[in-house]
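Novice: Below: one structure in structure tokens.
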Amino acid sequence: MINKEHLVNDLNAVRQKSPLVHNITNYVAMNFSANALLAIGASPVMAHAVEEMEEMIAIADALVINIGTLDSQWVDGMLKAGDAMRKRGGVIVLDPVGAGATTFRTETALKIIEACHPDVIRGNASEIMALTNRNVRSRGVDSTETPNDALESAKVLAKLSNSVVTISGPIDYITDGERVETIANGSPMMARVTAMGCTASSMAGVFASVNKNTFEAVVHAMSVMGVAGEIAAEKSAGSGSMQANFIDELYLLTPDILLKTLRQ
């Protein structure tokens, strides 16, 4: 059960503190995720050069690592940033985009988990399952499994990595290996907008930077994503207007709207 008072406190804290979120993310997601972070009240930076990782991490409140457009130099930067943030004791989120599609992606995600110890791992069902079962194959960034199918894998991954694991889908699942929370808000149209999942990972980083209870923080982040997406879809003619409306709804989101729309 979501603590509504804590949810509102986290939303207000994000807007009051404007956390700086360092995103090492893919080319497809950069603009959308940055605008979503700005809309909710955070401060985004998108940087991937290995030469500036330590300096950037020194001023960041959270690090979000997204492997959507990989190359070897980016991996070096991700590992360097993750190591620096881990030593600082700051928040690290991993989005294992396309894990299970290629060996390089799966091995990179596992390497980051082992070396950087992310606080949060967020992906779709196939991506999460691929991190615990090498026989699972994904179709690029599209999931071939359902969140419910992946729940046991998510619990295993959470225990092995000591992370909060989130499976995005028609119903979002959040688990720390023992507890499981679900978020039913959202819209099928969200899956038709590129980088929506990447943005959810960035949102998890924002909320985890203002709430030391990582499990609760991620539940709150996914609640905000779901509520904004649901309201935006009601106003959208298609995926193009959905993208713009989603950003607007994050910007316009109030505690009253959030609590009124949230379904538990």
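Each chain in the structure tokens gets a letter, A, B, ..., in the order shown, and its residues are numbered from 1; ligands are numbered from 1 in order too.
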Check segment 80-233 of chain A with DSSP on the backbone and list each residue it calls strand (DSSP E), as a ChimeraX atom specification.

Specialist: /A:91-95,120-124,164-168,172-175,180-183

Novice: A:Met189, A:Ala158, A:Ala204, A:Ala39: which is nearest Glu234 of chain A, counting only C-alpha atoms?

Specialist: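 Looking only at the distances to Glu234 of chain A, the closest residue turns out to be A:Met189.
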
Novice: Name the residues in contact with segment 105-115 of chain A at a cut-off of 12 Å, using only C-alpha atoms, excluding same-chain residues fewer than 5 positions from it; report them as a PyMOL selection string.

Specialist: chain A and resi 64-72+74-87+92-100+120-123+126-138+140-141+157-158+160-163+165

Novice: Grab the atom CA of Val14 of chain A to atom CA of Ala191 of chain A distance for me, in Å with one decimal place.

Specialist: 25.4 Å

Novice: Any idea what the distance is between atom CA of Arg263 of chain A and atom CA of Ile183 of chain A?

Specialist: 7.5 Å

Novice: Which neighbours of Val227 of chain A fall inside 8 Å, counting only C-alpha atoms, when residues of the same chain fewer than 3 positions from it are skipped, and could you give them as a list in words?

Specialist: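 Once the adjacent positions are removed, what remains is Asn185, Gly186, Ser223, Val224, Glu230, Ile231, Leu258, Thr261 and Leu262 of chain A.
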
Novice: Could you work out how far atom CA of Ile247 of chain A lies from atom CA of Leu38 of chain A, giving the answer in Å with one decimal?

Specialist: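 Value for the atom CA of Leu38 of chain A-atom CA of Ile247 of chain A distance: 8.9 Å.
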
Novice: Near Asn12 of chain A, within 10 Å and counting only C-alpha atoms, which residues show up once chain neighbours fewer than 4 positions away are dropped, as a JSON list (two decimals) with all heavy atoms, in the first residue's frame?

Specialist:
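File written: around.json
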```
[["chain", "number", "residue", "atom", "x", "y", "z"],
["A", 6, "HIS", "N", 3.82, 10.22, 2.15],
["A", 6, "HIS", "CA", 5.21, 10.10, 1.69],
["A", 6, "HIS", "C", 5.32, 10.39, 0.20],
["A", 6, "HIS", "O", 6.31, 10.99, -0.25],
["A", 6, "HIS", "CB", 5.74, 8.70, 1.99],
["A", 6, "HIS", "CG", 5.94, 8.44, 3.45],
["A", 6, "HIS", "ND1", 6.48, 7.26, 3.92],
["A", 6, "HIS", "CD2", 5.68, 9.21, 4.55],
["A", 6, "HIS", "CE1", 6.53, 7.31, 5.25],
["A", 6, "HIS", "NE2", 6.05, 8.47, 5.64],
["A", 7, "LEU", "N", 4.33, 9.96, -0.56],
["A", 7, "LEU", "CA", 4.32, 10.21, -2.01],
["A", 7, "LEU", "C", 4.32, 11.71, -2.29],
["A", 7, "LEU", "O", 5.12, 12.21, -3.10],
["A", 7, "LEU", "CB", 3.10, 9.54, -2.64],
["A", 7, "LEU", "CG", 2.82, 9.83, -4.12],
["A", 7, "LEU", "CD1", 3.99, 9.41, -5.00],
["A", 7, "LEU", "CD2", 1.53, 9.10, -4.56],
["A", 8, "VAL", "N", 3.45, 12.43, -1.63],
["A", 8, "VAL", "CA", 3.37, 13.88, -1.81],
["A", 8, "VAL", "C", 4.66, 14.56, -1.33],
["A", 8, "VAL", "O", 5.17, 15.48, -1.98],
["A", 8, "VAL", "CB", 2.14, 14.45, -1.07],
["A", 8, "VAL", "CG1", 2.19, 15.98, -1.05],
["A", 8, "VAL", "CG2", 0.86, 13.97, -1.74],
["A", 16, "GLN", "N", 11.47, 21.11, -4.81],
["A", 16, "GLN", "CA", 12.18, 22.06, -3.95],
["A", 16, "GLN", "C", 13.69, 21.94, -4.10],
["A", 16, "GLN", "O", 14.40, 22.95, -4.11],
["A", 16, "GLN", "CB", 11.78, 21.82, -2.49],
["A", 16, "GLN", "CG", 10.34, 22.23, -2.17],
["A", 16, "GLN", "CD", 9.85, 21.67, -0.85],
["A", 16, "GLN", "OE1", 10.60, 21.04, -0.10],
["A", 16, "GLN", "NE2", 8.58, 21.89, -0.55],
["A", 17, "LYS", "N", 14.18, 20.71, -4.23],
["A", 17, "LYS", "CA", 15.63, 20.48, -4.26],
["A", 17, "LYS", "C", 16.21, 20.46, -5.67],
["A", 17, "LYS", "O", 17.41, 20.64, -5.85],
["A", 17, "LYS", "CB", 15.95, 19.16, -3.57],
["A", 17, "LYS", "CG", 15.59, 19.15, -2.09],
["A", 17, "LYS", "CD", 15.91, 17.81, -1.44],
["A", 17, "LYS", "CE", 15.54, 17.82, 0.04],
["A", 17, "LYS", "NZ", 15.84, 16.52, 0.69],
["A", 18, "SER", "N", 15.37, 20.21, -6.68],
["A", 18, "SER", "CA", 15.80, 20.12, -8.07],
["A", 18, "SER", "C", 17.08, 19.29, -8.22],
["A", 18, "SER", "O", 18.13, 19.80, -8.63],
["A", 18, "SER", "CB", 16.02, 21.52, -8.65],
["A", 18, "SER", "OG", 16.22, 21.47, -10.05],
["A", 40, "ILE", "N", 9.25, 17.71, -14.24],
["A", 40, "ILE", "CA", 8.93, 17.29, -12.88],
["A", 40, "ILE", "C", 9.65, 18.14, -11.84],
["A", 40, "ILE", "O", 9.32, 18.11, -10.65],
["A", 40, "ILE", "CB", 9.23, 15.79, -12.67],
["A", 40, "ILE", "CG1", 8.43, 15.22, -11.49],
["A", 40, "ILE", "CG2", 10.71, 15.54, -12.51],
["A", 40, "ILE", "CD1", 6.95, 15.24, -11.65],
["A", 41, "GLY", "N", 10.65, 18.91, -12.29],
["A", 41, "GLY", "CA", 11.34, 19.82, -11.39],
["A", 41, "GLY", "C", 12.79, 19.50, -11.14],
["A", 41, "GLY", "O", 13.46, 20.18, -10.35],
["A", 210, "VAL", "N", 15.94, 11.82, -3.36],
["A", 210, "VAL", "CA", 15.31, 12.61, -2.29],
["A", 210, "VAL", "C", 14.71, 11.73, -1.19],
["A", 210, "VAL", "O", 14.22, 12.25, -0.18],
["A", 210, "VAL", "CB", 14.22, 13.56, -2.84],
["A", 210, "VAL", "CG1", 14.82, 14.54, -3.84],
["A", 210, "VAL", "CG2", 13.05, 12.80, -3.45],
["A", 254, "THR", "N", -0.03, 18.10, -9.70],
["A", 254, "THR", "CA", -0.13, 18.59, -8.32],
["A", 254, "THR", "C", -0.38, 17.41, -7.40],
["A", 254, "THR", "O", -0.81, 16.34, -7.85],
["A", 254, "THR", "CB", -1.28, 19.59, -8.18],
["A", 254, "THR", "OG1", -2.52, 18.89, -8.42],
["A", 254, "THR", "CG2", -1.15, 20.75, -9.16],
["A", 255, "PRO", "N", -0.14, 17.58, -6.11],
["A", 255, "PRO", "CA", -0.48, 16.51, -5.18],
["A", 255, "PRO", "C", -1.93, 16.06, -5.28],
["A", 255, "PRO", "O", -2.23, 14.87, -5.22],
["A", 255, "PRO", "CB", -0.16, 17.12, -3.81],
["A", 255, "PRO", "CG", 0.96, 18.07, -4.09],
["A", 255, "PRO", "CD", 0.61, 18.67, -5.43]]
```

Novice: Within 9 Å of Ser43 of chain A, counting only C-alpha atoms, which residues show up once you throw out same-chain ones fewer than 6 positions away? Write them as a list in words, please.

Specialist: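 So the residues in contact are Ser18, Pro19, Leu20, Val21, His22, Ala34 and Leu37 of chain A.
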
Novice: Determine which residues of segment 15-149 of chain A DSSP labels as alpha helix (DSSP H) from the backbone of this structure, then write them out as an mmCIF file with C-alpha atoms, in the first residue's frame.

Specialist:
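Contents of selection24.cif, as written:
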```
data_model
loop_
_atom_site.group_PDB
_atom_site.id
_atom_site.type_symbol
_atom_site.label_atom_id
_atom_site.label_comp_id
_atom_site.auth_asym_id
_atom_site.auth_seq_id
_atom_site.Cartn_x
_atom_site.Cartn_y
_atom_site.Cartn_z
ATOM 1 C CA ARG A 15 10.581 20.334 -6.906
ATOM 2 C CA GLN A 16 12.176 22.058 -3.946
ATOM 3 C CA LYS A 17 15.630 20.479 -4.264
ATOM 4 C CA MET A 30 18.204 12.175 -24.445
ATOM 5 C CA ASN A 31 15.772 14.926 -25.448
ATOM 6 C CA PHE A 32 12.607 13.302 -24.117
ATOM 7 C CA SER A 33 14.136 12.246 -20.797
ATOM 8 C CA ALA A 34 15.745 15.638 -20.269
ATOM 9 C CA ASN A 35 12.453 17.439 -20.862
ATOM 10 C CA ALA A 36 10.596 15.044 -18.564
ATOM 11 C CA LEU A 37 13.115 15.641 -15.786
ATOM 12 C CA LEU A 38 12.812 19.395 -16.240
ATOM 13 C CA ALA A 39 9.016 19.143 -16.197
ATOM 14 C CA ILE A 40 8.927 17.289 -12.879
ATOM 15 C CA MET A 53 32.863 11.291 -15.596
ATOM 16 C CA GLU A 54 34.495 11.876 -12.225
ATOM 17 C CA GLU A 55 33.936 15.635 -12.283
ATOM 18 C CA MET A 56 30.318 15.241 -13.361
ATOM 19 C CA ILE A 57 29.603 12.638 -10.699
ATOM 20 C CA ALA A 58 31.096 14.922 -8.060
ATOM 21 C CA ILE A 59 28.191 17.353 -8.541
ATOM 22 C CA SER A 72 32.992 0.314 -26.002
ATOM 23 C CA GLN A 73 33.943 3.880 -25.058
ATOM 24 C CA TRP A 74 30.499 4.478 -23.571
ATOM 25 C CA VAL A 75 30.869 1.300 -21.512
ATOM 26 C CA ASP A 76 34.175 2.596 -20.149
ATOM 27 C CA GLY A 77 32.452 5.846 -19.181
ATOM 28 C CA MET A 78 29.557 4.013 -17.556
ATOM 29 C CA LEU A 79 31.875 1.889 -15.444
ATOM 30 C CA LYS A 80 33.986 4.880 -14.440
ATOM 31 C CA ALA A 81 30.924 6.927 -13.498
ATOM 32 C CA GLY A 82 29.371 4.019 -11.633
ATOM 33 C CA ASP A 83 32.553 3.429 -9.669
ATOM 34 C CA ALA A 84 32.794 7.117 -8.737
ATOM 35 C CA MET A 85 29.158 7.305 -7.648
ATOM 36 C CA ARG A 86 29.406 4.069 -5.675
ATOM 37 C CA LYS A 87 32.384 5.463 -3.760
ATOM 38 C CA ARG A 88 30.377 8.629 -3.034
ATOM 39 C CA THR A 103 25.598 -11.004 -25.985
ATOM 40 C CA PHE A 104 27.326 -7.614 -25.775
ATOM 41 C CA ARG A 105 24.292 -5.970 -24.208
ATOM 42 C CA THR A 106 23.634 -8.726 -21.714
ATOM 43 C CA GLU A 107 27.264 -8.987 -20.656
ATOM 44 C CA THR A 108 27.588 -5.215 -20.352
ATOM 45 C CA ALA A 109 24.530 -5.009 -18.100
ATOM 46 C CA LEU A 110 25.849 -7.824 -15.910
ATOM 47 C CA LYS A 111 29.289 -6.189 -15.765
ATOM 48 C CA ILE A 112 27.747 -2.907 -14.610
ATOM 49 C CA ILE A 113 25.713 -4.715 -11.948
ATOM 50 C CA GLU A 114 28.782 -6.495 -10.645
ATOM 51 C CA ALA A 115 31.081 -3.469 -10.695
ATOM 52 C CA CYS A 116 28.739 -0.605 -9.799
ATOM 53 C CA ALA A 125 10.007 -8.206 -18.655
ATOM 54 C CA SER A 126 12.351 -9.756 -21.223
ATOM 55 C CA GLU A 127 15.281 -7.567 -20.169
ATOM 56 C CA ILE A 128 14.875 -8.462 -16.502
ATOM 57 C CA MET A 129 14.519 -12.163 -17.272
ATOM 58 C CA ALA A 130 17.615 -12.104 -19.506
ATOM 59 C CA PRO A 147 5.658 -8.458 -16.269
ATOM 60 C CA ASN A 148 3.878 -11.207 -14.353
ATOM 61 C CA ASP A 149 6.054 -13.836 -16.090
#
```
